[in-house]
file query15.txt (compact mmCIF, C-alpha atoms)
# COMPACT_ATOMS: atom_id res chain seq x y z
CA MET A 244 293.17 77.16 143.37
CA MET A 245 290.03 77.35 145.46
CA LYS A 246 289.62 74.32 147.65
CA PRO A 247 287.00 71.82 146.45
CA LEU A 248 283.64 71.71 148.20
CA ILE A 249 283.07 67.99 147.94
CA PRO A 250 281.13 67.41 151.20
CA ILE A 251 278.62 70.14 150.38
CA PHE A 252 278.08 69.06 146.79
CA THR A 253 277.37 65.46 147.73
CA LEU A 254 274.07 66.52 149.30
CA PRO A 255 272.40 67.80 146.10
CA LEU A 256 273.79 64.85 144.17
CA THR A 257 272.12 62.55 146.65
CA VAL A 258 268.88 64.44 146.24
CA ILE A 259 269.12 64.36 142.44
CA ALA A 260 269.43 60.59 142.64
CA TYR A 261 265.99 60.40 144.32
CA PRO A 262 263.87 58.08 142.18
CA VAL A 263 260.58 59.38 140.83
CA TYR A 264 257.96 56.81 140.00
CA ALA A 265 255.15 57.26 137.54
CA VAL A 266 251.70 57.41 139.08
CA GLU A 267 248.92 56.24 136.79
CA TYR A 268 245.69 55.76 138.68
CA PHE A 269 243.52 54.73 135.74
CA THR A 270 244.18 53.31 132.31
CA THR A 271 241.82 54.50 129.58
CA GLU A 272 239.73 51.34 129.89
CA GLN A 273 239.55 51.59 133.69
CA ALA A 274 238.45 55.24 133.49
CA GLN A 275 235.79 54.32 130.91
CA ILE A 276 234.39 51.65 133.23
CA ALA A 277 234.53 54.02 136.22
CA LEU A 278 232.49 56.65 134.39
CA PHE A 279 230.12 54.58 132.22
CA GLY A 280 230.09 51.15 133.88
CA ASP A 281 231.33 47.81 132.61
CA LYS A 282 228.32 47.21 130.36
CA ALA A 283 228.96 50.24 128.18
CA LYS A 284 230.68 49.86 124.84
CA LEU A 285 232.94 52.74 123.82
CA THR A 286 233.99 53.52 120.28
CA PRO A 287 236.77 55.99 119.45
CA SER A 288 235.59 59.23 117.89
CA TYR A 289 238.53 61.60 118.07
CA VAL A 290 237.64 65.26 117.55
CA GLU A 291 239.70 67.20 115.00
CA MET A 292 239.42 70.99 115.23
CA ASN A 293 240.42 73.77 112.88
CA ASP A 294 241.63 77.14 114.14
CA ASP A 295 238.17 78.75 113.93
CA GLN A 296 236.66 75.98 116.02
CA ARG A 297 239.43 76.24 118.61
CA ASP A 298 238.87 79.99 118.76
CA ALA A 299 235.14 79.41 119.23
CA ILE A 300 235.85 77.06 122.15
CA GLU A 301 238.12 79.68 123.71
CA ASP A 302 235.50 82.40 123.21
CA ILE A 303 232.89 80.35 125.09
CA SER A 304 235.08 79.03 127.90
CA ASP A 305 237.72 81.77 128.12
CA VAL A 306 240.26 78.91 128.19
CA ARG A 307 242.77 78.19 125.44
CA GLN A 308 242.07 75.03 123.41
CA ARG A 309 245.65 73.75 123.45
CA TRP A 310 245.08 70.61 121.37
CA LYS A 311 244.07 70.31 117.73
CA THR A 312 242.88 66.76 118.39
CA GLN A 313 240.89 65.79 121.46
CA LYS A 314 240.75 62.12 122.33
CA ALA A 315 237.07 61.20 122.65
CA TRP A 316 234.90 58.08 122.64
CA LYS A 317 231.18 57.58 122.20
CA ALA A 318 229.61 55.42 124.91
CA TYR A 319 226.71 53.09 124.14
CA GLU A 320 224.75 50.72 126.31
CA ASP A 321 222.26 48.29 124.79
CA GLY A 322 222.56 50.26 121.58
CA GLN A 323 221.60 53.52 123.24
CA PHE A 324 223.93 56.51 123.13
CA LYS A 325 224.92 57.34 126.74
CA GLY A 326 227.34 60.20 126.13
CA TRP A 327 230.94 61.19 125.51
CA PHE A 328 234.11 60.02 127.20
CA ILE A 329 236.92 62.56 126.71
CA ILE A 330 240.52 62.36 127.84
CA ASP A 331 242.18 65.70 128.48
CA LYS A 332 245.47 67.03 129.80
CA VAL A 333 246.05 70.26 131.71
CA ILE A 334 249.15 71.97 133.07
CA GLY A 335 250.16 71.02 136.61
CA LYS A 336 252.97 72.56 138.61
CA HIS A 337 255.57 70.24 137.07
CA GLU A 338 253.81 67.91 134.64
CA PHE A 339 250.55 67.49 132.77
CA ILE A 340 247.56 66.21 134.73
CA THR A 341 245.58 63.63 132.75
CA TYR A 342 241.89 63.29 133.52
CA ALA A 343 238.78 61.90 131.87
CA THR A 344 235.39 63.57 131.67
CA ALA A 345 232.04 61.97 130.85
CA ILE A 346 229.49 64.27 129.22
CA SER A 347 225.86 63.29 128.70
CA PRO A 348 224.10 63.57 125.30
CA GLU A 349 222.47 66.74 126.71
CA GLY A 350 225.86 68.33 127.50
CA LYS A 351 226.01 67.83 131.25
CA VAL A 352 229.02 66.48 133.13
CA LEU A 353 228.34 62.92 134.32
CA GLY A 354 231.63 62.71 136.20
CA ILE A 355 235.38 63.11 136.04
CA GLU A 356 238.25 60.78 136.95
CA VAL A 357 241.87 61.81 137.52
CA MET A 358 243.97 59.31 135.58
CA ASP A 359 247.51 60.59 136.16
CA TYR A 360 248.63 63.02 138.88
CA ARG A 361 252.28 63.51 139.83
CA GLU A 362 252.30 66.78 141.79
CA THR A 363 253.76 67.29 145.25
CA TYR A 364 250.50 68.33 146.87
CA GLY A 365 246.82 68.18 146.00
CA ASP A 366 246.19 64.47 145.72
CA GLN A 367 242.73 65.32 147.09
CA ILE A 368 241.56 66.26 143.59
CA ARG A 369 241.17 62.48 143.14
CA HIS A 370 238.71 62.26 146.03
CA ASP A 371 235.02 61.72 145.29
CA ASP A 372 233.84 64.79 147.20
CA TRP A 373 235.98 67.19 145.15
CA ARG A 374 235.15 65.59 141.79
CA ALA A 375 231.44 65.54 142.69
CA HIS A 376 231.30 69.34 142.38
CA PHE A 377 231.51 68.99 138.59
CA VAL A 378 228.59 66.57 138.21
CA GLY A 379 225.64 68.20 136.44
CA ALA A 380 227.62 71.18 135.18
CA ASP A 381 226.91 72.38 131.64
CA LYS A 382 228.12 75.21 129.44
CA HIS A 383 226.05 77.71 131.43
CA SER A 384 227.67 76.73 134.73
CA ARG A 385 230.07 79.33 136.10
CA LEU A 386 232.57 76.83 137.55
CA LYS A 387 234.47 79.51 139.45
CA LEU A 388 237.33 78.17 141.53
CA ASN A 389 237.00 78.79 145.25
CA LYS A 390 233.28 79.61 144.79
CA ASP A 391 231.59 76.84 142.78
CA ILE A 392 234.55 74.44 142.94
CA PRO A 393 236.53 74.34 146.21
CA ASN A 394 240.21 75.08 146.10
CA ILE A 395 242.72 72.68 147.69
CA SER A 396 245.55 74.31 149.62
CA GLY A 397 248.92 73.82 147.99
CA ALA A 398 247.34 72.62 144.75
CA THR A 399 245.71 75.79 143.47
CA LEU A 400 247.19 75.55 139.98
CA SER A 401 245.99 71.94 139.63
CA CYS A 402 242.47 72.87 140.85
CA ARG A 403 242.31 75.91 138.59
CA ASN A 404 243.50 74.12 135.47
CA VAL A 405 241.29 71.03 135.94
CA THR A 406 238.31 73.33 136.55
CA ASN A 407 239.18 75.37 133.45
CA GLY A 408 239.73 72.13 131.55
CA VAL A 409 236.17 70.95 132.31
CA LYS A 410 234.83 74.36 131.24
CA ARG A 411 236.75 74.00 127.99
CA LEU A 412 235.41 70.45 127.39
CA LEU A 413 231.87 71.71 127.90
CA ALA A 414 232.57 74.39 125.28
CA LEU A 415 234.07 71.71 123.02
CA TYR A 416 230.84 69.78 123.39
CA ASP A 417 228.89 72.89 122.40
CA VAL A 418 231.01 73.65 119.34
CA MET A 419 231.85 70.14 118.10
CA LEU A 420 229.74 67.39 119.67
CA LYS A 421 226.23 68.49 120.55
CA ASN A 422 224.76 67.64 117.16
CA GLN A 423 226.21 64.12 117.24
CA THR A 424 223.44 62.49 119.25
CA GLN A 425 223.95 58.92 118.00
CA MET B 247 258.05 71.85 154.49
CA GLU B 248 260.73 72.46 151.89
CA PHE B 249 264.51 72.21 151.92
CA TYR B 250 266.66 74.53 149.80
CA GLN B 251 270.35 74.59 149.03
CA ILE B 252 271.58 77.63 147.13
CA PHE B 253 275.13 78.01 145.81
CA THR B 254 276.30 81.26 144.25
CA SER B 255 279.62 81.28 142.50
CA ARG B 256 281.11 84.77 141.95
CA ASN B 257 284.10 85.07 139.64
CA ASP B 258 286.48 87.58 138.03
CA LYS B 259 287.07 91.15 139.16
CA GLY B 260 288.99 92.02 136.00
CA LYS B 261 292.40 91.75 137.63
CA GLY B 262 294.23 89.00 139.48
CA THR B 263 292.27 85.98 140.63
CA TYR B 264 288.92 86.17 142.38
CA ASN B 265 286.71 83.15 143.01
CA ALA B 266 284.04 83.06 145.70
CA LEU B 267 281.33 80.59 146.59
CA ASP B 268 278.38 81.49 148.82
CA SER B 269 276.17 78.83 150.34
CA LYS B 270 272.71 79.10 151.85
CA THR B 271 271.08 76.02 153.39
CA GLU B 272 267.44 76.68 154.18
CA ILE B 273 264.39 75.02 155.68
CA GLU B 274 260.99 76.60 154.95
CA TYR B 275 257.78 75.73 156.76
CA GLY B 276 254.26 76.75 155.79
CA PHE B 277 252.26 77.74 158.88
CA THR B 278 249.15 78.46 156.82
CA ASN B 279 248.29 78.64 153.13
CA ARG B 280 249.50 82.21 153.04
CA PHE B 281 252.06 82.49 155.82
CA SER B 282 255.44 80.75 155.88
CA GLY B 283 258.74 81.08 157.68
CA SER B 284 262.26 79.95 156.93
CA PHE B 285 265.58 79.56 158.66
CA SER B 286 268.90 79.26 156.89
CA VAL B 287 272.57 78.84 157.58
CA ILE B 288 274.96 80.76 155.35
CA GLY B 289 278.58 80.12 154.51
CA HIS B 290 281.37 81.29 152.25
CA GLN B 291 284.50 80.14 150.50
CA LEU B 292 286.88 82.55 148.81
CA GLU B 293 290.14 82.82 146.92
CA THR B 294 291.60 86.22 146.01
CA LYS B 295 295.06 86.89 144.63
CA GLY B 296 296.77 89.67 142.73
CA LEU B 297 294.29 92.39 143.58
CA LEU B 298 294.20 94.66 146.65
CA ILE B 299 291.54 97.33 147.06
CA ASP B 300 291.66 99.69 150.03
CA GLY B 301 288.68 99.25 152.29
CA TYR B 302 287.46 96.16 150.41
CA LEU B 303 290.22 93.62 149.72
CA PRO B 304 292.94 94.45 152.26
CA GLN B 305 294.98 91.28 151.73
CA GLU B 306 295.07 88.14 149.65
CA LYS B 307 292.96 85.33 151.01
CA ASN B 308 292.45 81.64 150.35
CA LYS B 309 289.69 80.70 152.73
CA SER B 310 288.16 77.22 152.97
CA PHE B 311 284.43 76.86 153.13
CA SER B 312 282.87 77.51 156.50
CA PHE B 313 279.42 78.32 157.78
CA SER B 314 279.47 81.88 159.00
CA GLY B 315 275.98 83.13 159.78
CA MET B 316 272.25 82.60 159.83
CA GLU B 317 269.08 84.12 158.46
CA GLY B 318 265.39 84.03 159.33
CA GLU B 319 262.57 85.14 157.07
CA ILE B 320 258.80 85.28 157.13
CA LYS B 321 256.57 85.54 154.08
CA TYR B 322 252.91 86.42 153.67
CA ALA B 323 250.99 86.01 150.42
CA PHE B 324 248.15 88.52 149.99
CA LEU B 325 247.18 87.09 146.60
CA THR B 326 248.17 83.86 144.89
CA PRO B 327 248.74 83.80 141.11
CA ALA B 328 246.68 80.68 140.38
CA LEU B 329 243.68 81.82 142.40
CA ASP B 330 243.68 85.59 142.00
CA ASP B 331 245.25 85.95 138.53
CA ILE B 332 248.16 87.84 140.09
CA GLY B 333 250.24 86.88 143.09
CA VAL B 334 251.39 89.47 145.62
CA SER B 335 253.48 88.63 148.64
CA THR B 336 255.78 90.34 151.08
CA THR B 337 258.84 89.13 152.97
CA PHE B 338 260.73 90.29 156.03
CA GLY B 339 264.09 88.85 156.94
CA LEU B 340 266.84 89.25 159.49
CA SER B 341 270.34 87.95 158.94
CA TYR B 342 273.59 87.83 160.86
CA ASP B 343 276.94 87.00 159.31
CA THR B 344 280.46 86.99 160.71
CA VAL B 345 282.37 87.00 157.41
CA ASP B 346 282.61 89.68 154.74
CA PRO B 347 281.62 87.80 151.55
CA HIS B 348 283.73 90.14 149.39
CA SER B 349 287.08 89.83 151.20
CA GLY B 350 286.64 86.74 153.37
CA GLN B 351 287.75 88.84 156.37
CA LYS B 352 285.93 88.88 159.68
CA LYS B 353 283.01 91.28 159.72
CA ASP B 354 279.94 91.27 161.95
CA THR B 355 276.94 92.17 159.85
CA LEU B 356 273.32 92.53 160.93
CA SER B 357 270.82 93.08 158.12
CA ALA B 358 267.07 93.57 157.89
CA ASP B 359 265.41 92.97 154.52
CA VAL B 360 261.90 93.91 153.37
CA GLY B 361 260.66 92.72 149.99
CA VAL B 362 257.59 92.66 147.77
CA GLN B 363 257.03 89.95 145.15
CA ILE B 364 254.62 89.96 142.23
CA GLN B 365 253.95 86.84 140.20
CA LYS B 366 251.82 86.37 137.11
CA TYR B 367 250.86 83.18 135.28
CA PHE B 368 250.33 83.06 131.53
CA LEU B 369 249.30 80.15 129.27
CA ASP B 370 247.65 78.28 132.18
CA GLY B 371 250.85 78.56 134.21
CA GLN B 372 253.18 77.35 131.46
CA LEU B 373 254.77 80.82 131.36
CA VAL B 374 255.51 82.50 134.70
CA TRP B 375 256.65 86.09 135.25
CA LEU B 376 258.25 86.92 138.60
CA ASN B 377 259.24 90.26 140.08
CA ASN B 378 260.87 91.13 143.36
CA ALA B 379 261.79 94.47 144.90
CA SER B 380 263.59 94.64 148.22
CA MET B 381 265.41 96.98 150.55
CA GLU B 382 268.11 95.74 152.90
CA SER B 383 269.47 97.85 155.74
CA THR B 384 272.79 96.75 157.18
CA TYR B 385 274.84 97.57 160.23
CA ALA B 386 278.39 96.25 160.07
CA LYS B 387 281.49 96.34 162.23
CA ARG B 388 284.90 95.06 161.18
CA PRO B 389 287.61 94.04 163.65
CA ALA B 390 291.18 95.08 162.96
CA ILE B 391 293.36 92.70 160.93
CA ASN B 392 296.70 91.78 162.41
CA GLY B 393 299.40 93.63 160.50
CA ILE B 394 296.94 96.07 158.92
CA ASN B 395 296.26 98.98 161.19
CA ASP B 396 295.63 101.62 158.57
CA GLU B 397 291.96 102.64 158.70
CA SER B 398 291.97 103.58 155.03
CA VAL B 399 292.98 100.01 154.12
CA TRP B 400 290.52 98.32 156.45
CA PRO B 401 288.28 100.73 158.40
CA THR B 402 287.02 99.45 161.74
CA THR B 403 284.44 102.11 162.45
CA PRO B 404 280.85 100.84 162.28
CA GLU B 405 279.01 101.46 159.01
CA MET B 406 275.40 101.63 157.86
CA GLU B 407 274.33 100.71 154.33
CA ILE B 408 271.09 100.52 152.41
CA GLU B 409 270.86 98.13 149.46
CA LEU B 410 268.01 98.22 146.95
CA THR B 411 267.43 95.24 144.66
CA ALA B 412 264.96 94.71 141.82
CA ASN B 413 264.70 91.34 140.07
CA THR B 414 262.57 90.28 137.16
CA GLY B 415 262.44 86.92 135.48
CA ILE B 416 260.40 84.73 133.17
CA SER B 417 260.20 80.97 133.03
CA TYR B 418 258.67 78.94 130.21
CA ARG B 419 258.01 75.22 130.58
CA PHE B 420 258.95 73.76 127.22
CA THR B 421 258.32 70.13 128.16
CA SER B 422 257.24 68.19 131.24
CA ASN B 423 259.51 68.99 134.20
CA TRP B 424 261.78 71.35 132.25
CA SER B 425 261.66 75.14 131.92
CA VAL B 426 263.94 77.72 130.41
CA GLY B 427 263.98 81.35 131.41
CA ALA B 428 265.83 84.58 131.82
CA GLU B 429 266.52 86.75 134.83
CA ALA B 430 267.75 90.30 135.41
CA VAL B 431 268.94 91.74 138.72
CA TYR B 432 269.51 95.44 139.35
CA GLN B 433 271.14 96.32 142.64
CA THR B 434 272.42 99.54 144.15
CA GLU B 435 273.88 100.42 147.52
CA PHE B 436 273.94 103.69 149.43
CA GLU B 437 276.25 104.60 152.27
CA THR B 438 276.33 107.73 154.43
CA GLU B 439 279.79 108.96 153.45
CA VAL B 440 279.76 108.30 149.71
CA GLY B 441 276.08 108.40 148.72
CA GLN B 442 275.48 105.86 145.95
CA GLU B 443 278.42 103.54 146.42
CA ARG B 444 277.64 101.11 143.60
CA TRP B 445 275.08 99.88 141.12
CA SER B 446 275.01 96.91 138.79
CA LEU B 447 272.79 95.05 136.38
CA PHE B 448 273.20 91.33 135.91
CA ALA B 449 271.17 89.44 133.30
CA GLY B 450 271.29 85.95 131.88
CA PRO B 451 269.56 82.66 131.11
CA SER B 452 268.29 79.98 133.46
CA ILE B 453 267.19 76.37 133.20
CA HIS B 454 264.89 74.65 135.68
CA TYR B 455 263.98 71.03 136.38
CA GLY B 456 261.21 70.10 138.77
CA ASN B 457 259.40 66.94 139.72
CA GLN B 458 257.13 65.78 142.52
CA LYS B 459 259.83 65.99 145.21
CA PHE B 460 262.84 67.75 143.82
CA TRP B 461 263.65 70.83 141.77
CA ALA B 462 266.79 72.58 140.59
CA THR B 463 267.45 75.89 138.87
CA LEU B 464 270.74 76.91 137.31
CA THR B 465 271.16 80.58 136.42
CA TYR B 466 274.12 82.21 134.71
CA LEU B 467 274.31 85.94 135.35
CA PRO B 468 277.07 88.01 133.76
CA GLN B 469 277.25 91.67 134.77
CA VAL B 470 275.87 93.67 131.87
CA VAL B 471 276.58 97.17 133.16
CA GLY B 472 277.53 98.74 136.44
CA GLY B 473 278.96 101.83 138.05
CA GLY B 474 279.96 103.60 141.23
CA GLU B 475 283.31 103.26 142.94
CA ARG B 476 286.17 101.69 140.96
CA TYR B 477 289.58 100.45 141.98
CA ALA B 478 292.67 102.09 140.47
CA GLY B 479 293.09 100.99 136.89
CA GLN B 480 289.74 99.26 136.65
CA GLU B 481 287.92 99.23 133.34
CA LYS B 482 284.80 101.41 133.08
CA GLY B 483 281.26 100.22 132.62
CA LEU B 484 281.14 97.60 135.39
CA HIS B 485 281.22 97.61 139.17
CA LEU B 486 283.99 95.22 140.18
CA ILE B 487 284.80 96.14 143.77
CA GLU B 488 281.92 94.41 145.57
CA LYS B 489 280.59 92.64 142.47
CA THR B 490 282.25 90.38 139.92
CA LYS B 491 281.94 89.96 136.17
CA TYR B 492 280.09 86.66 136.48
CA GLU B 493 277.69 85.02 138.90
CA THR B 494 276.35 81.48 138.62
CA LYS B 495 273.54 80.33 140.90
CA LEU B 496 272.45 76.78 141.57
CA LYS B 497 269.25 76.43 143.61
CA LEU B 498 268.10 73.02 144.76
CA GLY B 499 264.80 72.32 146.45
CA TYR B 500 263.27 69.25 148.07
CA ASN B 501 259.67 68.91 149.26
CA PHE B 502 258.94 66.83 152.32
call {"tool": "encode", "arguments": {"input": "query15.txt", "output": "structure tokens"}}
result
Amino acid sequence: MMKPLIPIFTLPLTVIAYPVYAVEYFTTEQAQIALFGDKAKLTPSYVEMNDDQRDAIEDISDVRQRWKTQKAWKAYEDGQFKGWFIIDKVIGKHEFITYATAISPEGKVLGIEVMDYRETYGDQIRHDDWRAHFVGADKHSRLKLNKDIPNISGATLSCRNVTNGVKRLLALYDVMLKNQTQ
Amino acid sequence: MEFYQIFTSRNDKGKGTYNALDSKTEIEYGFTNRFSGSFSVIGHQLETKGLLIDGYLPQEKNKSFSFSGMEGEIKYAFLTPALDDIGVSTTFGLSYDTVDPHSGQKKDTLSADVGVQIQKYFLDGQLVWLNNASMESTYAKRPAINGINDESVWPTTPEMEIELTANTGISYRFTSNWSVGAEAVYQTEFETEVGQERWSLFAGPSIHYGNQKFWATLTYLPQVVGGGERYAGQEKGLHLIEKTKYETKLKLGYNF
């Protein structure tokens, strides 16, 4: 019988035992306050899409609409409609990245917040200066990674998929939300 | 910086007992976004019984695990799959080993390896397709074995070999952290005296787990078909002198 390799195998077992902790930067309520302020009142208005509508979103954004239901809220302040709050998930290197996007009644990005990010590199996508590149974007914006939106070394997939996710949400606004002004 | 530990278990030559375990312990460092280098220590463990093959397995061996060599590699990425839609990179490596991984006998081997990798993301990176083509040139010299002086059993003249390898594989992430996939490896070797000495195709499934710091991939690769030189009485359709019927790879990675 081949001699056992116990000393060598203990190393990966030690590594496997490494604990991984969940990293949630914002709850839904905290992200809503960060994007619309603490005076805004948000009411759930989840968006249900049929296949034709999902195809239309993909045609506009060139990004697959993965979900049939998109979690969205309408934001009001003093009775006035301030825009949409949408929670989205995109593929990261190992796990989904959860982020929230605020879109104005006119279809412009008011801001984004990264709610949950568990990747090895690329924590900088949470920084204000990176997220600020999305503010003011609408469905006509090109949002090309490494041109309009800077890429972050070691986190290219995260940057690409969040950027594409925002493009897709702007298309979702165009197909599903733009006529809901109240 | 990333740490890798790769184990390759090679089993069954169709006759007798053959179990081998190769180990590669590697540290990789990224100098820039596109340029990285790695250094690894390689080792082997082997048990062979009931099968002697002239020139390849000159005597039975039950060798404990020991580190036997080292390898250095540099890698440059011309294109990255997430940024450029397709990833293209090239590698160059040099390795030195003091043990013949097939027989466990002493053998000084110096190899240079040049490779090209192509990677493509589908479904936002949920499905990944990887390809690798490489050419390895080897110079090897075997010392005589006490009690075996016959050159036909264990030749001690220096030899030159060229090995060509083509891999392809897909990986689909079916839930957070977990992917399943499949891999195929075609490899052939040419030597001055015999021309094409061997060829083989291995193919099988893989499963991958990855999180923020740690990842692991387990791949099971049975030999599907092979050819070239055979030992006396060996079944046709596989190459079982330098290769085995089954290979199992466990790759572990840790990000610092």
call {"tool": "atom_distance", "arguments": {"input": "query15.txt", "atom1": "atom CA of Lys314 of chain A", "atom2": "atom CA of His337 of chain A"}}
result
22.4 Å
call {"tool": "closest_atom_pairs", "arguments": {"input": "query15.txt", "of": "chain A", "to": "chain B", "cutoff": "7 Å", "atoms": "all atoms listed in the file", "output": "tab-separated table"}}
result
residue	atom	partner	partner_atom	distance
A:Met245	CA	B:Glu293	CA	5.7
A:Lys246	CA	B:Ser310	CA	6.2
A:Pro255	CA	B:Leu498	CA	6.9
A:Ile334	CA	B:Asp370	CA	6.5
A:His337	CA	B:Asn423	CA	5.0
A:Glu338	CA	B:Ser422	CA	4.8
A:Phe339	CA	B:Ser422	CA	6.9
A:Arg361	CA	B:Gln458	CA	6.0
A:Glu362	CA	B:Gln458	CA	5.0
A:Thr363	CA	B:Gln458	CA	4.6
A:Ser396	CA	B:Asn279	CA	6.2
A:Thr399	CA	B:Ala328	CA	5.9
A:Leu400	CA	B:Ala328	CA	5.2
A:Arg403	CA	B:Ala328	CA	6.7
A:Asn404	CA	B:Asp370	CA	6.7
call {"tool": "closest_residue", "arguments": {"input": "query15.txt", "among": "B:Asn378, B:Thr337, B:Ser284, B:Ser349", "to": "Glu306 of chain B", "atoms": "only C-alpha atoms"}}
result
B:Ser349
call {"tool": "atom_distance", "arguments": {"input": "query15.txt", "atom1": "atom CA of Phe338 of chain B", "atom2": "atom CA of Gly441 of chain B"}}
result
24.8 Å
call {"tool": "residues_near_point", "arguments": {"input": "query15.txt", "point": "(283.2, 99.5, 138.3)", "cutoff": "8 Å", "atoms": "only C-alpha atoms", "output": "list in words"}}
result
Arg444, Gly472, Gly473, Gly474, Glu475, Arg476, Tyr477, Gln480, Glu481, Lys482, Gly483, Leu484, His485, Leu486 and Ile487 of chain B
call {"tool": "atom_distance", "arguments": {"input": "query15.txt", "atom1": "atom CA of Thr438 of chain B", "atom2": "atom CA of Val470 of chain B"}}
result
26.6 Å
call {"tool": "residues_around", "arguments": {"input": "query15.txt", "residues": "Gly326 of chain A", "least_positions_apart": "4", "cutoff": "8 Å", "atoms": "all atoms listed in the file", "output": "PyMOL selection string"}}
result
chain A and resi 317-319+345-348
call {"tool": "closest_residue", "arguments": {"input": "query15.txt", "among": "A:Val352, A:Val333, A:Leu420, A:Leu278", "to": "Ser384 of chain A", "atoms": "only C-alpha atoms"}}
result
A:Val352
call {"tool": "residues_around", "arguments": {"input": "query15.txt", "residues": "segment 389-395 of chain A", "least_positions_apart": "2", "cutoff": "9 Å", "atoms": "only C-alpha atoms", "output": "list in words"}}
result
Tyr364, Gly365, Gln367, Ile368, Trp373, Arg374, His376, Phe377, Ser384, Arg385, Leu386, Lys387, Gly397, Ala398, Thr399, Ser401, Cys402, Arg403 and Thr406 of chain A; Leu329 of chain B
